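This is coords.cif (mmCIF, C-alpha atoms).
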data_target
#
loop_
_atom_site.label_atom_id
_atom_site.label_comp_id
_atom_site.auth_asym_id
_atom_site.auth_seq_id
_atom_site.Cartn_x
_atom_site.Cartn_y
_atom_site.Cartn_z
CA MET N 9 0.00 0.00 0.00
CA GLU N 10 2.76 2.42 0.95
CA ILE N 11 4.76 1.54 -2.17
CA GLU N 12 1.70 2.22 -4.34
CA ALA N 13 1.28 5.68 -2.76
CA ILE N 14 4.94 6.49 -3.40
CA ARG N 15 4.65 5.29 -7.00
CA CYS N 16 1.56 7.46 -7.50
CA ARG N 17 3.34 10.55 -6.11
CA ILE N 18 6.34 9.92 -8.36
CA GLN N 19 4.10 9.56 -11.42
CA MET N 20 2.32 12.81 -10.55
CA ARG N 21 5.63 14.66 -10.13
CA VAL N 22 6.93 13.32 -13.44
CA ALA N 23 3.72 14.38 -15.19
CA MET N 24 3.95 17.85 -13.66
CA MET N 25 7.61 18.18 -14.69
CA ILE N 26 6.82 17.13 -18.26
CA ALA N 27 3.98 19.67 -18.44
CA LEU N 28 6.22 22.41 -17.04
CA ILE N 29 9.03 21.65 -19.49
CA ALA N 30 6.60 21.58 -22.41
CA PHE N 31 5.08 24.91 -21.33
CA SER N 32 8.43 26.63 -20.78
CA SER N 33 10.03 25.43 -23.98
CA SER N 34 7.03 26.36 -26.09
CA PHE N 35 6.36 29.76 -24.51
CA ALA N 36 8.74 31.84 -26.61
CA GLY N 37 7.89 29.85 -29.72
CA ASP N 38 4.14 30.15 -29.22
CA VAL N 39 4.22 33.88 -28.60
CA TYR N 40 6.67 34.61 -31.41
CA ARG N 41 6.23 32.12 -34.21
CA SER N 42 7.79 34.37 -36.81
CA TYR N 43 10.22 37.20 -37.26
CA GLU N 44 7.30 39.47 -38.24
CA GLU N 45 5.42 38.78 -34.99
CA ALA N 46 8.50 39.50 -32.90
CA LYS N 47 9.21 42.64 -34.95
CA ALA N 48 5.71 43.96 -34.23
CA ILE N 49 6.32 43.59 -30.47
CA TRP N 50 9.75 45.21 -30.82
CA GLU N 51 8.27 48.15 -32.75
CA ARG N 52 5.77 48.77 -29.94
CA ASN N 53 8.46 48.80 -27.25
CA ARG N 54 11.63 50.17 -28.88
CA GLY N 55 10.85 53.80 -28.09
CA THR N 56 10.39 53.28 -24.36
CA ALA N 57 13.01 54.29 -21.83
CA ALA N 58 13.00 50.75 -20.42
CA TYR N 59 13.80 49.28 -23.84
CA GLN N 60 16.50 51.87 -24.55
CA ASP N 61 18.20 51.31 -21.19
CA TYR N 62 18.21 47.53 -21.54
CA SER N 63 19.34 47.72 -25.16
CA ALA N 64 22.31 49.91 -24.19
CA ALA N 65 23.27 47.52 -21.39
CA PHE N 66 22.97 44.52 -23.71
CA SER N 67 25.11 46.28 -26.30
CA GLN N 68 27.87 46.74 -23.73
CA PHE N 69 27.54 43.08 -22.71
CA ASN N 70 27.65 42.00 -26.37
CA ASN N 71 30.70 44.14 -27.12
CA HIS N 72 32.55 43.11 -23.97
CA PHE N 73 32.23 39.39 -24.75
CA HIS N 74 32.42 39.82 -28.57
CA LEU N 75 29.32 37.65 -28.90
CA ASP N 76 28.77 38.67 -32.51
CA GLU N 77 32.36 37.83 -33.51
CA LYS N 78 32.99 34.58 -31.66
CA ASP N 79 31.84 32.17 -34.39
CA GLY N 80 32.93 34.00 -37.55
CA CYS N 81 29.36 34.53 -38.73
CA TYR N 82 29.98 37.79 -40.60
CA ALA N 83 32.09 36.04 -43.25
CA LEU N 84 29.47 33.40 -44.10
CA ALA N 85 27.23 35.46 -46.40
CA PRO N 86 27.07 38.99 -47.80
CA GLY N 87 24.47 41.53 -46.72
CA PRO N 88 22.84 42.43 -43.44
CA VAL N 89 20.99 40.04 -41.15
CA ASN N 90 18.33 41.39 -38.80
CA LEU N 91 17.77 39.39 -35.64
CA MET N 92 15.05 39.42 -33.02
CA LEU N 93 16.30 37.94 -29.74
CA ILE N 94 13.48 36.62 -27.54
CA ILE N 95 14.64 36.92 -23.94
CA THR N 96 12.86 35.07 -21.14
CA GLN N 97 13.68 34.14 -17.57
CA PRO N 98 13.62 30.49 -16.53
CA GLU N 99 11.83 29.78 -13.29
CA ASN N 100 14.06 30.03 -10.20
CA SER N 101 16.90 31.63 -12.18
CA GLU N 102 18.59 34.90 -11.34
CA PHE N 103 19.45 35.40 -15.02
CA ALA N 104 17.46 35.73 -18.21
CA VAL N 105 18.22 33.64 -21.27
CA ILE N 106 17.98 34.19 -25.00
CA ALA N 107 15.32 31.57 -25.60
CA LYS N 108 14.85 32.07 -29.33
CA VAL N 109 16.55 33.95 -32.16
CA LEU N 110 14.53 34.86 -35.23
CA SER N 111 15.98 36.24 -38.46
CA ASP N 112 14.64 38.12 -41.47
CA VAL N 113 16.70 35.93 -43.85
CA ASP N 114 17.67 32.28 -43.94
CA ASN N 115 21.28 31.75 -44.89
CA ALA N 116 24.52 30.48 -43.34
CA LYS N 117 25.18 33.84 -41.71
CA SER N 118 21.76 34.06 -40.04
CA ARG N 119 21.88 30.43 -38.86
CA CYS N 120 25.34 31.04 -37.41
CA PHE N 121 24.11 34.07 -35.45
CA GLN N 122 21.08 32.10 -34.27
CA ASN N 123 23.40 29.41 -32.90
CA SER N 124 25.75 32.00 -31.39
CA TYR N 125 23.06 33.82 -29.41
CA SER N 126 20.63 31.02 -28.52
CA GLY N 127 20.85 30.00 -24.88
CA ILE N 128 23.09 32.84 -23.72
CA GLN N 129 22.39 33.99 -20.17
CA THR N 130 22.02 37.71 -19.68
CA LYS N 131 20.72 40.35 -17.31
CA VAL N 132 16.99 40.17 -16.64
CA PRO N 133 15.18 42.77 -18.78
CA PRO N 134 12.55 45.16 -17.41
CA PHE N 135 9.68 43.02 -18.77
CA LEU N 136 9.30 39.51 -20.15
CA PRO N 137 9.36 38.18 -22.71
CA PHE N 138 11.61 40.89 -24.10
CA VAL N 139 12.32 41.27 -27.83
CA LEU N 140 15.71 42.78 -28.63
CA GLN N 141 16.57 43.70 -32.22
CA LEU N 142 20.09 43.42 -33.64
CA THR N 143 21.32 44.22 -37.15
CA MET N 144 24.42 42.34 -38.24
CA ASN N 145 26.08 43.93 -41.28
#

Now that the file is in, can you turn its structure into structure tokens?
Amino acid sequence: MEIEAIRCRIQMRVAMMIALIAFSSSFAGDVYRSYEEAKAIWERNRGTAAYQDYSAAFSQFNNHFHLDEKDGCYALAPGPVNLMLIITQPENSEFAVIAKVLSDVDNAKSRCFQNSYSGIQTKVPPFLPFVLQLTMN
């Protein structure tokens, strides 16, 4: 009887963990399925003081760690690549994370930048999810 109760509790915990993982991993993707959707959110927020302050801080962070240069992405294709970084904060984490990177083009350069930025931990933005725009020339 006691073993059955323990087994039931374990099964419930596993089911809850699976649901939580599915919800967290799909959140950024569900809200921002495309570059255009993320761009619309960015356009609404880019003029705010909160966006400007966070963008400046992220730029310093990016420049300090040379995030845009670390994988040699610039040399992979000609022309600019516009990125929308979707920043979220995992539960019980003191840092935010770049959960998704969307691009206006699909080429080796854009895929390289997507791989370079995806999963990077950063300072928590003033609101979540936060869409940060970068242009890579």

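In this structure, atom CA of N:Phe73 sits 11.7 Å away from atom CA of N:Tyr125.
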
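The residue set within 7 Å of N:Cys81, counting only C-alpha atoms and dropping same-chain residues fewer than 5 places from it, reads Lys117, Cys120 and Phe121 of chain N.
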
Listing only residues of stretch 58-89 of chain N within 12 Å of stretch 94-106 of chain N, what is the closest atom pair and its distance in Å (to one decimal) for each, using all atoms listed in the file, sorted by chain and residue number ascending, as a Markdown table?
| residue | atom | partner | partner_atom | distance |
| --- | --- | --- | --- | --- |
| N:Tyr62 | CA | N:Ile95 | CA | 11.4 |
| N:Ser63 | CA | N:Ile95 | CA | 11.8 |
| N:Phe66 | CA | N:Ile95 | CA | 11.3 |

Close residues, N:Tyr43 itself excluded, 7 Å, all atoms listed in the file, min 4 positions apart in chain, as a PyMOL selection string
chain N and resi 47+92+110-112

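With only C-alpha atoms as the atoms that count, the residue of N:Val113, N:Arg41, N:Leu93, N:Leu84 with the shortest distance to N:Leu136 is N:Leu93.
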
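You can rank N:Leu142, N:Val109, N:Ala83, N:Ile128 by their closest distance to N:Tyr40 using only C-alpha atoms, and at the top of that list sits N:Val109.
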
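With atom CA of N:Pro88 on one side and atom CA of N:Arg54 on the other, the separation reads 19.9 Å.
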